[in-house]
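To start, the structure itself, in C-alpha cells.
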Amino acid sequence: MSTADATRLPPGAALREISPVASVRHWTRFLRSELSLIFLRWRNLALLAVLAVIPVLIGIALRLSAGEGRGGQGPAFISQVAGNGVFLALVSLTLLLTLVLPLAVAVVAGDSVAGEANHGTLRYLLTIPAGRTRLLGIKYAALVVFCVAACAVVTIAALIVGAILFPVGPVTLLSGTTISLGAGLLRLAFITLYVAGAMAALAAIGLAVSTFTEHPIGAIAAILVLALASEVVDSVPQFAAVHPYLPTHFWLSFDALLRSPVAWPELAHGLLSYAVYVIIFGAIAWARFTTADVTS
Amino acid sequence: MSAASRAAGQRDEISFGRPDGGPLPAEPGQRPDGSGRGPAEAVRGPTDAGQQRAGPGWGPGDPGQPSTEGGQRLAEAGQLPEAGPRPGDAGPAITTSGLAKRFRGGQLAVGGIDLAVPHGSVYGFLGPNGSGKTTTIRMLLGLVQPTSGSHELLGVPMPAGTNSVLTRVGSLVEGPAFYSQLSGRANLARCDAADRTSDPRTADARISEALDRVGLLSAARKHYRAYSLGMKQRLAIAAGLLRPRELLILDEPTNGLDPQGTREVRGLIREIAAAGTTVFVSSHLLAEVEQICTHVGVMRTGKLVFQGTLEELRSRGATRILIRTAEPDRASEILAGLGLQDIRVSGGEASAQLAGQAPEEVCKRLVYAGVPVAGLESPRSSLEDLFVELTGEGFDVDG
C-alpha cells in the first residue's frame with residue numbers, strides 16, 4: 001500500500017481491512033512456518049525415512065524370493081512385481097496402509113494441537129493473535145501436505161527400488177488390458193493421491209482428537225486405536241452393515257484405478273466417505289477448539 | 001527511590017516556607033523532595049507526571065492526588081507532548097465488571113472482580129500464588145472464557161474483539177513457551193508469521209529490533225533450549241515487542257529470575273512504560289513491582305481486595321504523626337482537639353494516630369495555634385506489611 005493510500009484511510013483501517021492478496025500472503029506465510037515445524041522435526045523425518053525404507057526392504061525380499069513361485073499368496077499385486085517393478089509401489093502402499101502410514105499420520109495429527117498445548121506455545125499463538133479458526137485451518141492444511149508427502153515418499157521410494165531390482169515396462173491392468181508405462185505412472189500418481197485422501201480423512205479425525213487433550217501421546221494412541229479398531233471391524237463379515245461407514249473401509253479401493261475403464265463409482269464412494277469424515281471431524285474440531293479454555 | 005515513594009515524600013514533608021501551610025509550588029518536572037534520580041528514573045519522569053493527570057476521576061476521594069497548586073503544576077507538566085496519553089485513547093486500558101471463572105471441577109478461581117487499569121499506568125496485579133491472577137489474565141486475553149461478567153481491552157469488548165484488539169496487546173502468560181528446536185530468531189519469526197496483520201517485508205528488521213531491546217541479539221541464533229531462564233523470559237517479552245503495542249500484559253515476568261535478571265526485566269518495563277505503553281504486570285512479590293508501579297490491584301483467593309494507586313495503598317496503613325516541638329503538651333491538646341487518637345507525649349515530641357486527617361492540615365492548625373513546630377513526620381507502616389495484611393499471612397491461605 002502506498003503512503004498516499006495510507007493517509008486517506010482512517011487510522012486502524014489498514015489493520016482491519018486486509019486486501020485479499022495480503023490475506024493469501026499471510027496464510028501462505030503461516031502455512032510455511034507450520035510446514036517447517038513439521039518437516040524439520042527429527043521425529044517426523046524419521047517417520048518419513050521408515051516409510052521410504054520399508055518399500056526398499058519389500059523390494060529386496062521379493063527380489064531374493066523371485067522364481068520360487070508362490071503365486072496367489074500374499075497381498076494383491078505381489079505376484080506382478082517380478083514382472084514389472086511399478087507394482088512394487090502398489091504392494092508397498094497396500095502393506096503400509098495397514099499400520100505404518102496411519103501411524104505416521106496419527107503421530108503428526110495427534111501432535112498438531114495437543115503438542116502446542118503441551119508445550120505452552122498454543123497460548124502464545126492465540127494471544128498473538130493467530131485466530132482460533134485460522135490456526136485450526138492452517139494446522140489441517142499442513143496435515144494434508146504431510147499426508148501427501150508421506151504417501152509420495154512410499155510411492156517414489158518403491159518406484160526407484162522397483163526400477164533397480166525388476167524390469168519396468170507397460171502396465172497390465174487388473175482387467176487384463178495393457179497400458180503404456182507413462183499412462184501406468186499417471187494412474188499410480190492418482191492412486192497415491194487417493195491414499196493421501198484416505199490419510200487426510202484420518203488426519204481430520206486426529207485433529208479433532210488432538211483438540212480434546214493436552215497430551216499428544218494420548219491423542220496419538222487414541223487415533224491409532226480408532227484406526228485399528230475400524231480395520232478389525234471391517235474384517236469381520238458379521239459387521240457388514242456398518243462396513244461402508246467405517247473410516248478405513250475404502251482405503252484399499254484404489255484398485256478401482258487399475259481397471260479399464262476406471263471403476264468410478266467405487267472410487268467416488270471412497271472419496272465421498274473421506275469428505276464426510278473431513279467435514280464431520282473438522283466441525284467437531286472447530287466447535288471444540290474455538291470454545292475451549294486454554295489453561296496449559 | 002521510586003516514583004511512588006517520591007510522591008509519598010511530597011505529602012509527608014510539610015513545607016514551612018509559607019505561613020498558610022500550603023506547599024511551595026513545585027517546578028514542573030521537578031520533585032519537591034529534590035532527591036537524586038537514577039538514569040532509569042529520569043526516563044520514568046514524564047510518565048510519572050502523566051499519572052498525576054490520569055489520576056483524577058479514577059476513584060472517589062482519591063487521597064493520593066495532590067489538590068494543591070503544586071499538584072496542578074505537576075498536572076501541567078504531564079501535558080508535555082511526549083508524556084501524557086495520546087489523544088483519542090484516553091479511556092481505561094482494561095476494565096472488567098464482575099469477571100468470574102468457575103472451572104468445571106466446581107472450583108471458583110476468580111470470584112467476580114472489577115478491574116480498572118488506567119491508560120498509561122503501570123498496574124501491579126498482586127496476590128499470592130493461587131489467588132487467581134493467572135486465570136484473570138487468561139480471561140483478559142481470551143484464552144479462558146469467563147463464567148460470568150464482561151471485560152474490555154483498550155475499549156474493545158472481549159472476547160468478541162479478540163482477533164482485532166490483541167494485535168495491539170503484547171503478552172507474556174505464565175512463563176515463556178517456545179519451540180526448543182528453533183533459535184530465538186526463528187521462534188520470533190514463527191510468532192510474526194502467525195500474526196495476520198504483520199508486514200512480512202519488515203519482519204527481519206522488527207525481529208532484530210525486538211531482540212536488541214531485550215539484549216538477545218547476540219544470542220539470536222542459539223537454540224531456545226540452550227537459553228537460560230532469564231533469556232527465555234526476555235525472549236517472551238521480545239515476542240510482545242514485535243510490533244508497537246498499546247498495552248502489555250505480563251504474567252510474573254520475573255518469576256524464576258535471579259536478582260540480576262529481575263533488575264533487567266524491571267528496567268525493560270520502565271523503558272516500555274516511558275514510551276507510553278500501559279503495562280499490566282502480575283507478581284506474587286510486592287517488592288518486585290513496587291518500584292515500577294503507579295497503580296496496584298491486590299488479589300486474595302479470587303477476590304480483588306484492593307485497587308488503587310500505590311499511594312492509596314500506603315494511606316490505608318495506620319499512620320502516625322510525630323511533632324517535634326518545644327511545647328509538646330500544648331501540641332497534644334491541639335491534636336486531641338482535632339480528634340487524633342492515641343496521643344503520646346515525651347520530651348520535646350508529641351505523637352498521635354491520624355484518623356483521616358491530612359498531616360498538612362494538622363500542621364496548619366498547630367502553627368495557627370502558635371505551637372512552635374520544629375519538625376513533623378508521618379511515618380507509615382511498610383507496604384510489605386500492608387500487602388501481607390491484605391493477602392494473608394504465610395500459609396494462612398483461605399479456601
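Labels for the C-alpha cells follow display order: chains A, B, ..., residues from 1 in each chain, ligands from 1.
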**OP:** Write out as a ChimeraX atom specification all residues of region 180-253 of chain B that backbone DSSP assigns to alpha helix (DSSP H).
**Re:** /B:184-194,203-213,229-240
Subject >> Counting only C-alpha atoms, chain A residues within 10 Å of chain B, as JSON, numbers by chain >> reply: {"A": [12, 14, 15, 16, 17, 18, 22, 23, 24, 25, 26, 27, 28, 29, 30, 31, 32, 33, 34, 36, 37, 40, 41, 42, 116, 118, 119, 120, 121, 122, 123, 124, 125, 126, 127, 128, 129, 130, 131, 132, 134, 135, 138, 290, 291, 292, 293, 294, 295, 296]}
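If only C-alpha atoms are the atoms counted, then among A:Phe146, A:Phe39, A:Phe212, A:Phe166 the closest residue to Leu62 (chain A) is A:Phe166.
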**OP:** Figure out the distance between CA of Gly115 (chain A) and CA of Tyr274 (chain A), please, to one decimal in Å.
**Re:** 24.9 Å
Original post:
What's the 9 Å shell around region 370-372 of chain B, counting only C-alpha atoms, without same-chain residues fewer than 5 positions away, as a PyMOL selection string?
Top reply: chain B and resi 324-328+330-331+365
Original post:
Among region 36-227 of chain A, which ones does DSSP place in strand (DSSP E), written as a count of residues only?
Top reply: 4
Original post:
So which residues touch Thr95 (chain B) within 12 Å, counting only C-alpha atoms, skipping near sequence neighbours fewer than 2 positions away, as a PyMOL selection string?
Top reply: chain B and resi 91-93+97-99+113-119+136+140+149-158+280
